[in-house]
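Q: my_file.txt is reproduced in full below (compact mmCIF, C-alpha atoms and all ligand atoms).
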```
# COMPACT_ATOMS: atom_id res chain seq x y z
CA MET A 1 -33.19 -6.74 -8.53
CA ASP A 2 -33.25 -3.25 -7.07
CA TYR A 3 -34.10 -2.85 -3.47
CA LYS A 4 -33.27 -0.38 -0.81
CA SER A 5 -31.03 -1.51 1.93
CA ASN A 6 -32.30 -1.45 5.44
CA SER A 7 -28.98 -0.12 6.63
CA LYS A 8 -30.25 2.24 9.26
CA GLU A 9 -33.19 0.10 10.21
CA GLU A 10 -33.26 -1.52 13.56
CA THR A 11 -33.93 -5.19 13.67
CA VAL A 12 -35.87 -6.17 16.74
CA ARG A 13 -35.48 -9.71 17.94
CA SER A 14 -37.30 -10.44 21.21
CA ASP A 15 -35.89 -7.83 23.54
CA VAL A 16 -32.61 -7.36 21.71
CA VAL A 17 -32.28 -4.27 19.55
CA GLU A 18 -29.38 -4.29 17.14
CA ASP A 19 -28.22 -1.78 14.61
CA PHE A 20 -27.98 -3.27 11.18
CA PHE A 21 -24.92 -1.84 9.52
CA VAL A 22 -23.74 -1.72 5.97
CA ILE A 23 -19.99 -1.79 5.53
CA GLY A 24 -19.02 -0.44 2.12
CA ILE A 25 -16.00 -1.41 0.07
CA LEU A 26 -14.96 1.26 -2.38
CA VAL A 27 -13.51 -0.96 -5.07
CA SER A 28 -12.89 1.10 -8.19
CA LYS A 29 -13.55 4.25 -10.12
CA SER A 30 -15.77 2.64 -12.73
CA ASP A 31 -18.70 0.25 -12.55
CA ARG A 32 -17.08 -1.96 -15.17
CA LYS A 33 -14.03 -2.52 -12.97
CA LEU A 34 -16.27 -3.07 -9.96
CA LYS A 35 -18.12 -5.84 -11.73
CA GLU A 36 -14.87 -7.54 -12.67
CA SER A 37 -13.66 -7.45 -9.06
CA LEU A 38 -16.73 -8.79 -7.29
CA ASN A 39 -15.69 -12.42 -7.16
CA LYS A 40 -12.49 -11.46 -5.32
CA LEU A 41 -14.54 -9.74 -2.63
CA SER A 42 -16.74 -12.63 -1.63
CA GLU A 43 -14.67 -13.53 1.40
CA LEU A 44 -15.18 -10.04 2.83
CA GLY A 45 -18.90 -10.35 2.19
CA ARG A 46 -19.07 -13.76 3.81
CA ILE A 47 -17.16 -13.06 7.01
CA TYR A 48 -19.15 -10.03 8.06
CA LYS A 49 -22.03 -11.40 10.09
CA LYS A 50 -23.17 -8.32 11.96
CA GLY A 51 -24.67 -6.61 8.94
CA GLN A 52 -24.24 -6.47 5.24
CA VAL A 53 -21.36 -5.68 2.94
CA GLY A 54 -21.84 -3.39 -0.05
CA ALA A 55 -19.36 -3.03 -2.90
CA PHE A 56 -19.39 0.12 -5.00
CA SER A 57 -17.47 2.37 -7.36
CA LEU A 58 -17.15 6.15 -7.51
CA GLU A 59 -19.28 6.04 -10.64
CA GLY A 60 -22.15 4.54 -8.66
CA ILE A 61 -22.35 7.39 -6.14
CA ASN A 62 -25.09 9.97 -6.43
CA ARG A 63 -23.52 12.79 -4.46
CA ASP A 64 -26.60 14.96 -4.21
CA LYS A 65 -28.87 12.24 -2.94
CA GLN A 66 -26.07 10.45 -1.09
CA MET A 67 -27.29 7.18 -2.55
CA ILE A 68 -25.19 4.48 -4.12
CA ASN A 69 -25.80 2.06 -6.96
CA GLY A 70 -23.63 -0.91 -6.19
CA TYR A 71 -23.89 -4.51 -5.00
CA LEU A 72 -24.93 -5.96 -1.67
CA TYR A 73 -23.63 -9.34 -0.61
CA ASN A 74 -26.23 -11.85 0.37
CA GLU A 75 -25.82 -15.60 0.80
CA GLY A 76 -22.98 -16.03 -1.62
CA MET A 77 -24.21 -13.52 -4.19
CA TRP A 78 -23.50 -9.91 -5.01
CA ASN A 79 -26.89 -8.44 -5.88
CA PRO A 80 -27.20 -5.15 -7.77
CA SER A 81 -28.71 -2.77 -5.22
CA THR A 82 -29.28 0.84 -4.31
CA PHE A 83 -28.25 1.73 -0.78
CA SER A 84 -27.53 4.80 1.30
CA MET A 85 -24.08 5.94 2.39
CA PRO A 86 -22.53 2.99 4.30
CA ASP A 87 -21.92 3.19 8.04
CA ALA A 88 -18.21 2.61 7.45
CA ILE A 89 -16.15 2.22 4.28
CA ILE A 90 -13.02 0.28 3.42
CA ASN A 91 -11.35 2.28 0.68
CA ARG A 92 -9.19 0.46 -1.86
CA ILE A 93 -8.54 3.17 -4.46
CA TYR A 94 -6.74 6.43 -5.08
CA LEU A 95 -8.91 9.41 -4.16
CA ASN A 96 -8.29 12.79 -5.69
CA ARG A 97 -8.68 15.81 -3.42
CA LYS A 98 -12.29 16.33 -4.49
CA TRP A 99 -13.36 12.81 -3.54
CA GLU A 100 -11.23 12.82 -0.44
CA SER A 101 -13.01 15.90 0.81
CA PHE A 102 -16.42 14.50 -0.18
CA PHE A 103 -15.87 11.44 1.99
CA ARG A 104 -14.35 13.46 4.77
CA LYS A 105 -17.49 15.56 4.89
CA THR A 106 -19.90 12.65 4.61
CA ILE A 107 -18.33 9.97 6.79
CA GLY A 108 -15.07 11.41 8.14
CA ARG A 109 -12.90 8.93 10.00
CA LYS A 110 -15.32 6.11 9.32
CA MET A 111 -13.50 5.41 6.08
CA ILE A 112 -10.46 3.15 6.37
CA ASN A 113 -7.48 4.41 4.33
CA ASN A 114 -9.27 7.70 3.72
CA PHE A 115 -6.32 9.49 2.18
CA THR A 116 -3.47 8.76 -0.19
CA PHE A 117 0.12 9.94 -0.23
CA ASN A 118 2.83 9.53 -2.79
CA LYS A 119 6.40 8.32 -2.30
CA TRP A 120 7.79 11.84 -1.99
CA GLU A 121 5.16 12.91 0.56
CA MET A 122 5.94 9.80 2.58
CA TYR A 123 9.65 10.57 2.60
CA LYS A 124 9.20 14.23 3.47
CA TRP A 125 6.87 13.41 6.32
CA LEU A 126 8.66 10.45 7.87
CA SER A 127 12.14 11.93 7.53
CA THR A 128 11.24 14.56 10.12
CA ASN A 129 10.81 11.78 12.69
CA SER A 130 14.20 11.11 14.24
CA ASN A 131 13.29 7.48 15.05
CA LEU A 132 12.45 6.80 11.43
CA SER A 133 14.80 8.97 9.39
CA LYS A 134 17.67 6.51 9.81
CA HIS A 135 15.51 3.87 8.15
CA LEU A 136 14.82 5.96 5.06
CA PRO A 137 17.17 6.06 2.07
CA ILE A 138 18.33 9.59 1.22
CA THR A 139 15.74 10.85 -1.26
CA ARG A 140 15.39 13.89 -3.54
CA LEU A 141 12.60 15.05 -5.80
CA VAL A 142 13.46 15.03 -9.50
CA ASN A 143 12.07 17.95 -11.46
CA SER A 144 14.52 17.74 -14.35
CA PRO A 145 17.46 15.57 -15.50
CA GLN A 146 19.80 18.05 -13.82
CA ASP A 147 18.52 16.87 -10.42
CA ILE A 148 19.61 13.34 -11.38
CA ILE A 149 23.06 14.53 -12.43
CA ASP A 150 23.44 16.52 -9.21
CA PHE A 151 22.45 13.51 -7.11
CA LEU A 152 24.92 11.27 -8.92
CA GLY A 153 27.61 13.91 -8.46
CA GLN A 154 27.12 13.53 -4.73
CA TYR A 155 26.28 9.84 -4.28
CA ASN A 156 27.47 8.14 -7.52
CA GLU A 157 24.36 6.01 -7.87
CA GLY A 158 20.63 6.21 -7.34
CA ILE A 159 17.27 4.51 -7.81
CA ILE A 160 14.79 6.60 -9.79
CA LYS A 161 11.10 5.87 -9.36
CA PRO A 162 7.83 7.58 -10.20
CA ILE A 163 6.30 9.14 -7.07
CA ASN A 164 2.97 7.53 -7.91
CA GLY A 165 4.31 4.25 -9.28
CA SER A 166 3.46 0.72 -8.31
CA TYR A 167 4.35 -2.90 -9.11
CA GLY A 168 7.96 -1.98 -9.75
CA LYS A 169 7.05 -0.22 -13.00
CA GLY A 170 9.19 2.54 -14.44
CA ILE A 171 12.10 2.13 -12.03
CA TYR A 172 15.69 2.88 -13.09
CA LYS A 173 18.99 2.37 -11.43
CA VAL A 174 21.58 4.91 -12.54
CA SER A 175 25.27 5.06 -11.73
CA LYS A 176 28.16 7.28 -12.59
CA GLN A 177 31.04 5.55 -14.31
CA ALA A 178 34.47 6.89 -15.22
CA ALA A 179 33.40 8.23 -18.63
CA ASN A 180 29.66 7.87 -18.75
CA PHE A 181 26.46 6.91 -16.95
CA LYS A 182 24.99 3.45 -16.67
CA VAL A 183 21.19 3.06 -16.64
CA ASP A 184 19.47 -0.19 -15.70
CA THR A 185 15.77 -0.53 -16.36
CA SER A 186 13.22 -2.71 -14.66
CA LEU A 187 11.27 -4.19 -17.51
CA HIS A 188 7.95 -5.06 -16.07
CA GLN A 189 6.99 -8.08 -18.08
CA LYS A 190 10.06 -10.21 -18.01
CA GLU A 191 12.13 -8.12 -15.71
CA LYS A 192 15.13 -8.63 -17.91
CA LYS A 193 17.78 -6.14 -17.16
CA ASN A 194 18.72 -3.79 -19.94
CA SER A 195 21.84 -1.75 -19.33
CA LEU A 196 22.41 1.46 -21.24
CA TYR A 197 25.67 3.39 -21.24
CA LEU A 198 25.07 7.08 -21.85
CA THR A 199 27.02 10.32 -21.92
CA GLN A 200 25.73 13.18 -19.78
CA GLU A 201 23.93 14.69 -22.78
CA GLU A 202 22.37 11.35 -23.67
CA LEU A 203 21.28 10.88 -20.07
CA GLU A 204 19.56 14.26 -20.20
CA VAL A 205 17.85 13.37 -23.48
CA PHE A 206 16.79 10.00 -22.00
CA PHE A 207 15.19 11.44 -18.87
CA LYS A 208 13.88 14.76 -20.20
CA PRO A 209 10.61 13.47 -21.70
CA LYS A 210 10.11 11.16 -18.72
CA CYS A 211 10.43 14.06 -16.28
CA LYS A 212 7.92 16.01 -18.34
CA MET A 213 5.44 13.15 -18.21
CA ARG A 214 5.55 12.46 -14.49
CA LYS A 215 7.30 13.27 -11.25
CA TYR A 216 10.11 11.07 -9.98
CA ILE A 217 12.25 10.72 -6.90
CA ILE A 218 15.84 9.60 -6.84
CA GLN A 219 17.16 7.79 -3.83
CA GLN A 220 20.16 6.09 -2.33
CA VAL A 221 20.55 2.51 -3.55
CA ILE A 222 20.04 -0.02 -0.79
CA ASP A 223 21.96 -3.22 -1.30
CA LEU A 224 19.09 -5.70 -1.15
CA TYR A 225 21.05 -8.45 -2.82
CA VAL A 226 21.14 -11.91 -1.36
CA GLY A 227 23.30 -13.91 -3.72
CA ASN A 228 22.31 -12.82 -7.21
CA SER A 229 18.83 -11.51 -6.50
CA PRO A 230 17.31 -8.60 -4.61
CA VAL A 231 15.08 -9.52 -1.68
CA ASP A 232 12.62 -7.46 0.28
CA PHE A 233 9.93 -8.06 2.84
CA ARG A 234 6.26 -7.19 2.91
CA LEU A 235 4.92 -6.69 6.40
CA ILE A 236 1.15 -6.88 6.67
CA MET A 237 -0.51 -4.65 9.21
CA VAL A 238 -4.20 -3.91 9.83
CA LYS A 239 -6.25 -2.42 12.62
CA ASP A 240 -8.64 -4.64 14.54
CA GLY A 241 -11.89 -4.30 16.49
CA THR A 242 -10.06 -2.56 19.33
CA GLU A 243 -8.81 0.06 16.85
CA GLU A 244 -5.21 -1.00 17.46
CA TRP A 245 -2.70 -1.98 14.78
CA LYS A 246 -2.03 -5.71 14.52
CA GLU A 247 0.87 -7.11 12.61
CA LEU A 248 -0.07 -10.27 10.77
CA GLY A 249 3.22 -11.47 9.39
CA ILE A 250 5.84 -10.94 6.75
CA ILE A 251 6.33 -12.28 3.27
CA ALA A 252 9.77 -12.42 1.69
CA ARG A 253 10.00 -11.50 -1.98
CA LYS A 254 12.85 -12.30 -4.25
CA GLY A 255 13.44 -10.64 -7.62
CA SER A 256 15.02 -12.26 -10.63
CA ARG A 257 18.76 -12.79 -11.04
CA ASN A 258 20.53 -9.44 -11.32
CA GLY A 259 17.19 -7.64 -11.39
CA ILE A 260 16.73 -4.23 -9.85
CA VAL A 261 13.34 -4.77 -8.27
CA SER A 262 12.39 -7.51 -5.87
CA ASN A 263 8.66 -6.99 -5.74
CA ILE A 264 7.58 -8.91 -8.79
CA GLY A 265 9.52 -12.06 -8.15
CA PHE A 266 8.49 -15.08 -6.17
CA VAL A 267 7.24 -14.88 -2.64
CA ARG A 268 8.10 -16.95 0.34
CA SER A 269 6.24 -17.31 3.56
CA GLY A 270 7.28 -17.42 7.12
CA ASN A 271 8.22 -15.08 9.86
CA LEU A 272 11.79 -16.17 9.79
CA ALA A 273 12.14 -16.49 6.02
CA PHE A 274 14.81 -13.86 6.18
CA GLN A 275 16.79 -15.88 8.64
CA ASN A 276 17.34 -18.59 6.03
CA LEU A 277 17.77 -16.09 3.25
CA LEU A 278 20.35 -14.02 5.07
CA SER A 279 21.97 -16.80 7.09
CA ILE A 280 21.95 -15.07 10.45
CA SER A 281 21.73 -16.42 13.98
CA ASP A 282 18.44 -17.08 15.78
CA TYR A 283 19.18 -14.31 18.19
CA LYS A 284 19.89 -11.76 15.47
CA ALA A 285 16.84 -12.87 13.51
CA ILE A 286 14.53 -12.29 16.48
CA GLU A 287 16.07 -8.91 17.11
CA ILE A 288 15.61 -7.84 13.48
CA ARG A 289 12.09 -9.21 13.38
CA LYS A 290 11.11 -7.13 16.42
CA LYS A 291 12.64 -4.09 14.86
CA MET A 292 10.66 -4.67 11.66
CA THR A 293 7.45 -4.59 13.67
CA GLN A 294 8.43 -1.55 15.69
CA VAL A 295 9.60 0.51 12.74
CA SER A 296 6.48 -0.39 10.73
CA LEU A 297 4.22 0.50 13.62
CA ASP A 298 5.96 3.84 14.15
CA ALA A 299 5.76 4.60 10.43
CA ALA A 300 2.06 3.69 10.22
CA LYS A 301 1.18 5.84 13.22
CA ASP A 302 3.23 8.71 11.95
CA MET A 303 1.79 8.55 8.45
CA GLU A 304 -1.69 8.72 9.92
CA ASN A 305 -0.83 12.04 11.50
CA TYR A 306 0.02 13.35 8.06
CA ARG A 307 -3.65 14.07 7.37
CA GLY A 308 -4.37 15.36 10.85
CA CYS A 309 -7.11 14.18 13.16
CA ASN A 310 -9.39 12.95 10.37
CA GLY A 311 -6.72 10.78 8.76
CA ASN A 312 -7.51 7.11 9.13
CA LEU A 313 -5.37 4.25 7.90
CA GLY A 314 -6.17 0.69 8.85
CA ASN A 315 -4.86 -1.53 6.11
CA LEU A 316 -1.21 -1.40 5.12
CA GLY A 317 1.51 -3.44 3.44
CA ILE A 318 4.91 -2.11 4.39
CA ASP A 319 7.89 -2.91 2.17
CA LEU A 320 11.10 -3.31 4.13
CA GLY A 321 14.66 -3.97 3.07
CA LEU A 322 17.69 -5.29 4.94
CA ASP A 323 21.17 -4.54 3.72
CA LYS A 324 24.40 -6.51 4.22
CA ASN A 325 24.91 -4.85 7.61
CA GLN A 326 21.42 -5.88 8.62
CA HIS A 327 20.35 -2.28 8.64
CA LEU A 328 16.59 -1.99 8.21
CA TRP A 329 15.12 0.27 5.51
CA ILE A 330 11.56 1.40 4.83
CA ILE A 331 11.07 1.14 1.07
CA GLU A 332 7.40 1.89 0.75
CA ILE A 333 4.06 1.98 2.56
CA ASN A 334 1.39 0.44 0.33
CA HIS A 335 -1.92 1.87 1.38
CA ARG A 336 -4.26 1.84 -1.60
CA ASN A 337 -5.08 -1.78 -1.95
CA PRO A 338 -2.15 -3.54 -0.34
CA GLY A 339 -2.86 -6.92 -1.94
CA HIS A 340 -2.60 -9.26 1.00
CA ARG A 341 -3.32 -12.00 -1.51
CA MET A 342 0.41 -12.08 -1.82
CA ALA A 343 0.24 -14.06 1.43
CA VAL A 344 -1.90 -16.67 -0.33
CA ASP A 345 0.72 -16.94 -3.10
CA ALA A 346 3.25 -17.59 -0.36
CA GLY A 347 1.11 -20.40 1.06
CA GLU A 348 -0.08 -18.31 4.01
CA TYR A 349 -3.81 -18.37 3.57
CA GLY A 350 -4.18 -17.73 7.31
CA ILE A 351 -2.55 -14.29 7.06
CA TYR A 352 -4.87 -13.36 4.22
CA SER A 353 -8.07 -14.47 5.90
CA ASN A 354 -6.99 -12.97 9.23
CA SER A 355 -6.38 -9.63 7.55
CA ASN A 356 -9.90 -9.74 6.10
CA LYS A 357 -11.41 -10.63 9.43
CA LEU A 358 -9.61 -7.96 11.43
CA ILE A 359 -10.33 -5.25 8.90
CA MET A 360 -14.03 -6.09 9.01
CA ASP A 361 -13.91 -5.98 12.82
CA TYR A 362 -12.32 -2.57 12.60
CA ALA A 363 -14.88 -1.38 10.04
CA HIS A 364 -17.67 -2.59 12.34
CA LYS A 365 -16.17 -0.72 15.26
CA LEU A 366 -16.09 2.45 13.14
CA ALA A 367 -19.69 1.89 12.08
CA GLU A 368 -20.74 1.82 15.73
CA ARG A 369 -19.17 5.19 16.42
CA MET A 370 -20.92 8.51 16.22
CA LYS A 371 -19.77 10.62 13.34
CA GLU A 372 -16.83 12.62 14.60
CA SER A 373 -15.48 15.74 13.11
CA CYS A 374 -12.50 17.81 13.90
CA ILE A 375 -11.11 21.10 12.75
N1 LIG A 401 16.31 2.72 -2.74
C1 LIG A 401 16.27 1.49 -3.27
N2 LIG A 401 17.39 0.71 -3.33
C2 LIG A 401 17.34 -0.52 -3.87
N3 LIG A 401 16.25 -1.09 -4.39
C3 LIG A 401 15.10 -0.38 -4.36
C4 LIG A 401 15.04 0.94 -3.80
N4 LIG A 401 13.79 1.40 -3.93
C5 LIG A 401 13.08 0.41 -4.53
N5 LIG A 401 13.86 -0.65 -4.79
C6 LIG A 401 13.42 -1.92 -5.41
O1 LIG A 401 12.33 -1.63 -6.26
C7 LIG A 401 11.14 -2.27 -5.78
C8 LIG A 401 9.95 -1.37 -5.99
O2 LIG A 401 10.11 -0.18 -5.29
P1 LIG A 401 8.89 0.51 -4.56
O3 LIG A 401 9.37 1.78 -3.96
O4 LIG A 401 8.23 -0.44 -3.65
O5 LIG A 401 7.95 0.88 -5.80
P2 LIG A 401 6.61 0.21 -6.36
O6 LIG A 401 5.54 1.15 -5.91
O7 LIG A 401 6.78 0.20 -7.82
O8 LIG A 401 6.44 -1.13 -5.73
C9 LIG A 401 11.40 -2.57 -4.31
O9 LIG A 401 10.61 -3.64 -3.87
C10 LIG A 401 12.88 -2.85 -4.33
O10 LIG A 401 13.15 -4.18 -4.75
MG MG A 402 6.49 -1.63 -3.62
```
For this file, produce the structure as structure tokens.
Ligand SMILES: Nc1ncnc2c1ncn2[C@@H]1O[C@H](COP(=O)(O)OP(=O)(O)O)[C@@H](O)[C@H]1O
Ligand SMILES: [Mg+2]

A:
Amino acid sequence: MDYKSNSKEETVRSDVVEDFFVIGILVSKSDRKLKESLNKLSELGRIYKKGQVGAFSLEGINRDKQMINGYLYNEGMWNPSTFSMPDAIINRIYLNRKWESFFRKTIGRKMINNFTFNKWEMYKWLSTNSNLSKHLPITRLVNSPQDIIDFLGQYNEGIIKPINGSYGKGIYKVSKQAANFKVDTSLHQKEKKNSLYLTQEELEVFFKPKCKMRKYIIQQVIDLYVGNSPVDFRLIMVKDGTEEWKELGIIARKGSRNGIVSNIGFVRSGNLAFQNLLSISDYKAIEIRKKMTQVSLDAAKDMENYRGCNGNLGNLGIDLGLDKNQHLWIIEINHRNPGHRMAVDAGEYGIYSNSNKLIMDYAHKLAERMKESCI
């Protein structure tokens, strides 16, 4: 069924005149992927009552006509439809510069998460903020294996990760030993730890092709270990209908025994999960918890300034670490599609559905605005 949306139409009911908005969700690059993802988007379709929700992919956009072939949600179904540029968009994918500028020109700030940044850009930007720099591990860009060797010469050990990586893939822990270098790998599937012991030449040979393939950063190792496993925390933060950030809760994540990444292990719910995990007093736990919120809020606001006045973030999952001295570290700001479903895995369905509700409220608020532009 192909029909045109009545997005800009006004529905007149007695003397009430309402704008009928379409909120778009940019789900994927390809239509195939979009189709596969539709059933996961039904909740977003269902909760938005003030208009209609459209799901689409980059492939479905006709840039000249500014029309979209996608799906509109209606009474429990995603119907194939053609509709005009939505009144606000929730972006869930990586946008290259070309697409970023297309959306900036067409809908500007009315797209939530309208820009992407990599791990190195995040570090460079946030480390200039004196409130935040103490929460960032020392980080260097790796252009060649020599940069790794230099870093280890100074700090003895480091975590190497691809600047565009995700899901803990392709992460290495390297350390300098008396006679050689030790390399631990995060194997994605089973997350077994494989240690290699290499001479300097072997280390260079090991990392040379990797550095040619992609860009990495190397950073100070944060001791995230609680007992035998690394633990980190995912703080979920979205903007609401008042355009303010709201923190929805944290999820604790524990990696496997002796693993080097904590983000693919099991998740645990609860605001004070870390209190049990780290065995600290109530007082200390509350203090740390407040700090987690404050630091995340500062980082989110600051990151938004990275793209200037048109930059708009509204849906984030911030990865935080706490070391043995209870020092708080920002590990990563997930901003593409920060799977708040993790909250469901942790038994916190409320956090998940709240995040959907607030983000739709925010999208609606953006839809109501006039198009703004800035220099
Ligand atoms: N500097 C670090 N020190 C110790 N562990 C780290 C460090 N950076 C990352 N990790 C571990 O690796 C995991 C993945 O790192 P992250 O930067 O979030 O990359 P990804 O995008 O792959 O999730 C983290 O959740 C954490 O457990
Ligand atoms: Mg992460």

Q: Counting all atoms listed in the file, what residues are within 8 Å of ligand LIG 401 (chain A), given as a PyMOL selection string?

A: chain A and resi 119+137+158-162+164-171+219-224+230-232+255+260-264+319+321+331-334

Q: Place a sphere of radius 12 Å on (-24.1, 5.8, 2.2) in the file coordinates and name every protein, DNA or RNA residue with an atom inside or on its surface, counting all atoms listed in the file; give the answer as an NGL selection string.

A: :A and (4-8 or 21-26 or 53-56 or 58 or 60-70 or 82-89 or 102-103 or 106-107 or 110-111 or 367)

Q: As an exercise, work out the distance from atom CA of Ser133 of chain A to atom CA of Val226 of chain A in Å and give it to one decimal place.

A: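 Computing it gives 24.3 Å between the two atoms.
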
Q: Work out how far apart atom CA of Asp298 of chain A and atom CA of Ile280 of chain A are and give it in Å to one decimal.

A: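 Atom CA of Ile280 of chain A lies at a distance of 25.0 Å from atom CA of Asp298 of chain A.
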
Q: Could you check which of A:Arg336, A:Arg307, A:Arg32, A:Lys301 is closest to ligand MG 402 (chain A), using all atoms listed in the file?

A: A:Arg336

Q: Kindly give the distance, in Å, that separates atom CA of Ser28 of chain A and atom CA of Ile236 of chain A, rounded to a single decimal.

A: 21.9 Å

Q: Which residue out of A:Lys134, A:Arg104, A:Arg257, A:Lys284 has the minimum interatomic distance to Ile330 of chain A when only C-alpha atoms are used?

A: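 Looking only at the distances to Ile330 of chain A, the closest residue turns out to be A:Lys134.
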
Q: In file coordinates, which residues lie within 12 Å of (-10.5, -15.1, 9.4) using all atoms listed in the file, given as a PyMOL selection string?

A: chain A and resi 43-44+46-48+240+248+349-361
